[in-house]
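So this block is query.cif, mmCIF, C-alpha atoms:
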data_protein
loop_
_atom_site.label_atom_id
_atom_site.label_comp_id
_atom_site.auth_asym_id
_atom_site.auth_seq_id
_atom_site.Cartn_x
_atom_site.Cartn_y
_atom_site.Cartn_z
CA MET A 251 44.87 -200.17 -137.78
CA GLN A 252 45.67 -199.24 -141.40
CA GLU A 253 48.88 -200.93 -142.51
CA ILE A 254 51.19 -198.31 -144.01
CA PRO A 255 52.52 -199.20 -147.45
CA ARG A 256 56.25 -198.57 -147.66
CA SER A 257 56.86 -198.22 -151.40
CA PRO A 258 55.74 -195.19 -153.43
CA GLN A 259 53.77 -197.44 -155.79
CA ALA A 260 51.97 -199.13 -152.90
CA LEU A 261 51.11 -195.74 -151.38
CA LEU A 262 49.79 -194.59 -154.73
CA GLU A 263 47.64 -197.67 -155.19
CA THR A 264 46.25 -197.33 -151.67
CA PHE A 265 45.35 -193.64 -151.97
CA ALA A 266 43.75 -194.32 -155.36
CA THR A 267 41.12 -196.43 -153.58
CA PHE A 268 39.97 -193.44 -151.49
CA ALA A 269 37.64 -190.64 -152.58
CA SER A 270 39.02 -187.12 -152.56
CA CYS A 271 36.44 -186.08 -149.95
CA ASP A 272 37.63 -188.79 -147.53
CA ILE A 273 41.24 -187.72 -147.99
CA ALA A 274 40.22 -184.09 -147.37
CA ASP A 275 38.40 -185.13 -144.17
CA ALA A 276 41.59 -186.89 -143.09
CA GLY A 277 43.75 -183.79 -143.39
CA GLY A 278 44.54 -183.47 -147.09
CA LEU A 279 44.51 -180.01 -148.65
CA PRO A 280 41.45 -179.53 -150.91
CA LEU A 281 41.70 -177.20 -153.88
CA PRO A 282 38.87 -174.68 -154.21
CA PRO A 283 36.53 -175.05 -157.19
CA GLY A 284 37.96 -173.98 -160.51
CA LEU A 285 39.27 -177.10 -162.25
CA ALA A 286 37.25 -180.04 -163.57
CA ALA A 287 37.83 -183.12 -165.67
CA VAL A 288 37.82 -182.37 -169.40
CA HIS A 289 38.22 -186.02 -170.34
CA PRO A 290 35.87 -188.99 -169.93
CA VAL A 291 38.21 -190.46 -167.27
CA GLU A 292 37.36 -188.30 -164.25
CA SER A 293 39.88 -189.50 -161.69
CA LEU A 294 43.62 -189.63 -161.20
CA CYS A 295 46.08 -190.26 -158.40
CA GLY A 296 49.82 -189.68 -158.51
CA PHE A 297 52.85 -187.77 -157.34
CA ALA A 298 53.24 -184.18 -158.51
CA ARG A 299 55.77 -182.95 -161.03
CA THR A 300 55.44 -179.19 -161.29
CA VAL A 301 56.10 -176.47 -163.84
CA GLN A 302 55.63 -172.71 -163.86
CA LEU A 303 54.80 -171.82 -167.46
CA ALA A 304 55.12 -168.65 -169.45
CA PRO A 305 51.70 -167.37 -170.61
CA GLY A 306 50.41 -169.17 -173.68
CA ASP A 307 53.45 -171.45 -173.78
CA ASN A 308 53.68 -175.15 -172.92
CA LEU A 309 57.40 -175.79 -173.43
CA GLY A 310 57.75 -176.64 -169.73
CA LEU A 311 54.99 -179.24 -169.96
CA GLN A 312 56.69 -180.73 -173.01
CA ALA A 313 59.85 -181.03 -170.91
CA LEU A 314 57.99 -182.73 -168.06
CA ALA A 315 56.24 -185.12 -170.47
CA VAL A 316 59.49 -186.49 -171.87
CA GLN A 317 60.88 -186.90 -168.33
CA ALA A 318 57.69 -188.42 -166.88
CA LYS A 319 57.87 -191.61 -164.87
CA PRO A 320 55.10 -194.02 -163.86
CA GLY A 321 52.87 -192.42 -161.23
CA ASP A 322 53.61 -188.78 -162.13
CA VAL A 323 50.89 -186.13 -162.30
CA LEU A 324 52.03 -183.12 -164.33
CA VAL A 325 50.94 -179.90 -162.61
CA ALA A 326 51.15 -176.63 -164.54
CA VAL A 327 50.49 -173.06 -163.44
CA GLY A 328 50.99 -169.73 -165.15
CA GLY A 329 49.86 -170.74 -168.63
CA GLY A 330 47.15 -168.11 -168.77
CA GLU A 331 44.14 -168.09 -171.09
CA GLU A 332 45.86 -167.49 -174.41
CA ALA A 333 46.09 -171.11 -175.55
CA ALA A 334 45.42 -174.74 -174.67
CA LEU A 335 48.33 -176.20 -172.71
CA VAL A 336 47.65 -179.91 -173.35
CA GLY A 337 46.22 -181.72 -176.35
CA GLU A 338 46.20 -185.17 -177.91
CA LEU A 339 49.88 -185.48 -178.76
CA LEU A 340 51.32 -184.13 -175.51
CA SER A 341 48.98 -186.32 -173.49
CA LEU A 342 50.04 -189.32 -175.58
CA ARG A 343 53.71 -188.51 -175.03
CA ALA A 344 53.20 -188.39 -171.27
CA SER A 345 51.03 -191.51 -171.33
CA VAL A 346 53.62 -193.76 -172.95
CA ARG A 347 56.03 -192.79 -170.17
CA GLY A 348 53.57 -193.80 -167.45
CA ALA A 349 52.20 -190.44 -166.30
CA GLN A 350 48.82 -190.50 -164.56
CA GLY A 351 47.45 -187.23 -165.92
CA PHE A 352 47.52 -183.43 -165.77
CA LEU A 353 46.36 -180.64 -163.47
CA LEU A 354 46.29 -177.35 -165.38
CA ASP A 355 45.66 -173.83 -164.21
CA GLY A 356 44.65 -173.27 -167.81
CA TYR A 357 42.98 -175.00 -170.75
CA ALA A 358 43.19 -178.18 -172.82
CA ARG A 359 42.04 -179.19 -176.29
CA ASP A 360 41.40 -182.36 -178.36
CA GLU A 361 39.04 -183.57 -175.64
CA ALA A 362 37.94 -186.70 -177.48
CA ALA A 363 41.52 -187.79 -178.17
CA LEU A 364 43.22 -187.08 -174.85
CA ALA A 365 45.23 -190.10 -173.73
CA LEU A 366 45.18 -189.24 -170.00
CA PRO A 367 42.86 -187.64 -167.44
CA VAL A 368 43.13 -183.85 -167.56
CA PHE A 369 41.72 -181.51 -164.92
CA ALA A 370 41.68 -177.96 -166.24
CA ARG A 371 39.70 -174.72 -166.37
CA GLY A 372 38.07 -175.84 -169.58
CA LEU A 373 38.66 -176.37 -173.29
CA GLN A 374 39.75 -174.11 -176.10
CA PRO A 375 41.22 -174.84 -179.55
CA ARG A 376 44.16 -172.44 -179.80
CA ARG A 377 47.63 -174.04 -180.09
CA PRO A 378 50.28 -172.95 -177.53
CA ALA A 379 53.77 -171.65 -178.25
CA ARG A 380 56.91 -173.61 -177.31
CA ARG A 381 59.49 -170.98 -176.53
CA ASP A 382 60.01 -170.54 -172.81
CA PHE A 383 59.07 -171.54 -169.26
CA VAL A 384 59.81 -170.20 -165.80
CA ALA A 385 60.75 -173.18 -163.60
CA LEU A 386 60.58 -176.98 -163.48
CA ASP A 387 60.03 -179.07 -160.35
CA GLN A 388 59.79 -176.12 -157.99
CA PRO A 389 57.00 -175.39 -155.48
CA VAL A 390 53.93 -173.81 -157.10
CA ARG A 391 50.52 -172.61 -155.94
CA LEU A 392 47.50 -173.97 -157.76
CA LEU A 393 44.28 -172.08 -156.95
CA GLY A 394 46.07 -170.84 -153.83
CA VAL A 395 47.10 -174.30 -152.59
CA PRO A 396 50.84 -175.06 -152.37
CA ILE A 397 52.03 -178.08 -154.32
CA ARG A 398 55.59 -179.35 -154.24
CA PRO A 399 57.24 -182.04 -156.35
CA GLY A 400 56.50 -185.39 -154.73
CA ASP A 401 53.25 -184.34 -153.06
CA LEU A 402 50.38 -186.73 -153.71
CA VAL A 403 47.46 -185.51 -155.82
CA ARG A 404 44.04 -187.22 -155.86
CA ALA A 405 41.36 -185.91 -158.20
CA ASP A 406 37.90 -187.28 -158.89
CA ALA A 407 34.33 -186.11 -159.49
CA ASP A 408 34.20 -184.48 -156.03
CA GLY A 409 37.29 -182.35 -156.56
CA ILE A 410 41.04 -182.30 -156.04
CA VAL A 411 43.04 -182.82 -152.87
CA VAL A 412 46.78 -182.59 -152.21
CA VAL A 413 48.68 -184.51 -149.53
CA PRO A 414 52.13 -183.09 -148.72
CA ARG A 415 54.73 -185.83 -149.06
CA GLU A 416 55.75 -185.63 -145.39
CA SER A 417 52.10 -186.12 -144.34
CA LEU A 418 51.31 -189.21 -146.42
CA GLU A 419 51.51 -191.76 -143.62
CA ASP A 420 49.65 -189.59 -141.13
CA VAL A 421 46.82 -188.83 -143.57
CA LEU A 422 46.63 -192.50 -144.51
CA ARG A 423 46.12 -193.41 -140.85
CA GLN A 424 43.46 -190.72 -140.51
CA VAL A 425 41.60 -191.95 -143.59
CA ALA A 426 41.05 -195.28 -141.85
CA GLY A 427 39.32 -193.43 -139.01
CA VAL A 428 37.21 -191.37 -141.41
CA LEU A 429 36.03 -194.46 -143.25
CA ALA A 430 35.23 -196.27 -140.01
CA ALA A 431 33.27 -193.30 -138.64
CA ASN A 432 31.32 -192.97 -141.90
CA ALA A 433 30.51 -196.67 -141.88
CA ALA A 434 29.25 -196.45 -138.29
CA THR A 435 27.06 -193.43 -139.10
CA ARG A 436 25.71 -195.16 -142.20
CA ALA A 437 24.75 -198.18 -140.11
CA ARG A 438 22.97 -196.00 -137.55
CA ILE A 439 21.01 -194.22 -140.28
CA LEU A 440 19.90 -197.50 -141.82
CA ALA A 441 18.90 -198.80 -138.38
CA GLY A 442 16.68 -195.78 -137.71
CA GLU A 443 19.04 -193.69 -135.59
CA ASP A 444 17.87 -191.69 -132.60
CA LEU A 445 17.92 -188.01 -133.59
CA GLY A 446 16.90 -186.73 -130.19
CA TRP A 447 20.01 -184.59 -129.99
CA LEU A 448 18.98 -182.74 -133.16
CA GLU A 449 15.38 -182.32 -132.04
CA ARG A 450 16.55 -180.92 -128.70
CA ASP A 451 18.91 -178.51 -130.43
CA LEU A 452 16.18 -177.30 -132.80
CA ALA A 453 13.80 -176.85 -129.86
CA ARG A 454 16.43 -174.88 -127.98
CA ARG A 455 17.03 -172.62 -130.97
CA GLY A 456 13.31 -172.11 -131.36
CA GLN A 457 13.03 -171.03 -127.75
CA ALA A 458 15.96 -168.63 -128.20
CA ASP A 459 14.13 -166.96 -131.12
#

Turn the structure described in the file into structure tokens.
Amino acid sequence: MQEIPRSPQALLETFATFASCDIADAGGLPLPPGLAAVHPVESLCGFARTVQLAPGDNLGLQALAVQAKPGDVLVAVGGGEEAALVGELLSLRASVRGAQGFLLDGYARDEAALALPVFARGLQPRRPARRDFVALDQPVRLLGVPIRPGDLVRADADGIVVVPRESLEDVLRQVAGVLAANAATRARILAGEDLGWLERDLARRGQAD
């Protein structure tokens, strides 16, 4: 049985060893396609800090960056398409405080100089304003998926998955089962598994046609 880590850092380190698809199979909430890594580092794992931005304005992300703690993932919605929300300097500011990266329902810039992983809609060069924001550390919806402060976020080349904070231990237990089942199936495939069940099903469907 999977031993359950009891500290937030231990949980984070454990989930970081799992692929997003395995966490999704274990009950995590996958985000639909729409965001992708815009930085050479294509994975991150951390606990969400959230902000609802005003369109074209990243003041709320600036506020989260200076408050960031080790293990934080800064999640921003509402920034729109008018400007890039994160660039070199903001990512550096968050990095020196220990943040793991950004999830943006919007755009980034300075791709070659970003100091942290950034998952976003894409890149564009326009600078954002810094005048206003709607709310910090309140529940948000990113691509239709609810994210609350403290929820775990895992992002990699396969996509992004969210684990509600109250479900962390249950999903962690389920991941152990997913990995064991996958390993058993892999072994059967390599051993020349019996696919009689599939052949019978295909024959039955052929007869039904």

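Residue selection for this entry, given the PyMOL selection byres ((chain A and resi 333) around 7), comprises Gly306, Glu331, Glu332, Ala334, Leu335, Tyr357, Arg376, Arg377 and Pro378 of chain A.
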
Wanna dump the stretch 341-419 of chain A-stretch 315-323 of chain A contacts at 10 Å for me, each residue with its shortest atom pair and the distance in Å to one decimal, counting all atoms listed in the file, ordered by chain and number, as CSV?
residue,atom,partner,partner_atom,distance
A:Ser341,CA,A:Ala315,CA,8.0
A:Leu342,CA,A:Ala315,CA,9.1
A:Arg343,CA,A:Ala315,CA,6.2
A:Ala344,CA,A:Ala315,CA,4.5
A:Ser345,CA,A:Ala315,CA,8.3
A:Val346,CA,A:Ala318,CA,9.1
A:Arg347,CA,A:Ala318,CA,5.7
A:Gly348,CA,A:Pro320,CA,3.9
A:Ala349,CA,A:Asp322,CA,4.7
A:Gln350,CA,A:Val323,CA,5.3
A:Gly351,CA,A:Val323,CA,5.1
A:Phe352,CA,A:Val323,CA,5.5
A:Leu353,CA,A:Val323,CA,7.2
A:Pro367,CA,A:Val323,CA,9.7
A:Val368,CA,A:Val323,CA,9.6
A:Pro399,CA,A:Asp322,CA,9.6
A:Gly400,CA,A:Asp322,CA,8.6
A:Asp401,CA,A:Val323,CA,9.7
A:Leu402,CA,A:Val323,CA,8.6
A:Val403,CA,A:Val323,CA,7.4
A:Arg404,CA,A:Val323,CA,9.5

**Asked** Using the chain letters and numbers from the file, which residues does the PyMOL selection byres ((chain A and resi 421) around 12) grab, as an NGL selection string?
**Response** :A and (252 or 254 or 261 or 264-265 or 268 or 272-279 or 402 or 411-420 or 422-428)

Which residues of stretch 325-371 of chain A come within 8 Å of stretch 300-305 of chain A, and what is each one's closest atom pair and distance in Å (one decimal), counting all atoms listed in the file, sorted by chain and residue number, as CSV?
residue,atom,partner,partner_atom,distance
A:Val325,CA,A:Thr300,CA,4.7
A:Ala326,CA,A:Val301,CA,5.0
A:Val327,CA,A:Gln302,CA,5.2
A:Gly328,CA,A:Leu303,CA,4.9
A:Gly329,CA,A:Pro305,CA,4.3
A:Gly330,CA,A:Pro305,CA,5.0
A:Glu331,CA,A:Pro305,CA,7.6
A:Glu332,CA,A:Pro305,CA,7.0

**Request:** Can you turn the PyMOL selection byres ((chain A and resi 410) around 9) into a concrete residue list for this file, as a list of chain:residue names?
**Result:** A:Ser270, A:Cys271, A:Ala274, A:Leu279, A:Pro280, A:Leu281, A:Pro282, A:Pro283, A:Leu285, A:Ala286, A:Phe369, A:Val403, A:Arg404, A:Ala405, A:Asp406, A:Ala407, A:Asp408, A:Gly409, A:Val411, A:Val412

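Reported to one decimal place, the separation of atom CA of A:Leu366 from atom CA of A:Leu294 is 8.9 Å.
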
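Between atom CA of A:Pro375 and atom CA of A:Asp360 the separation is 7.6 Å.
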
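Reported to one decimal place, the separation of atom CA of A:Gly394 from atom CA of A:Gly284 is 11.0 Å.
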
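Residues in contact range of stretch 379-381 of chain A, defined as at most 8 Å between all atoms listed in the file, with sequence neighbours fewer than 6 positions away removed, read Gly306, Asp307, Asn308 and Leu309 of chain A.
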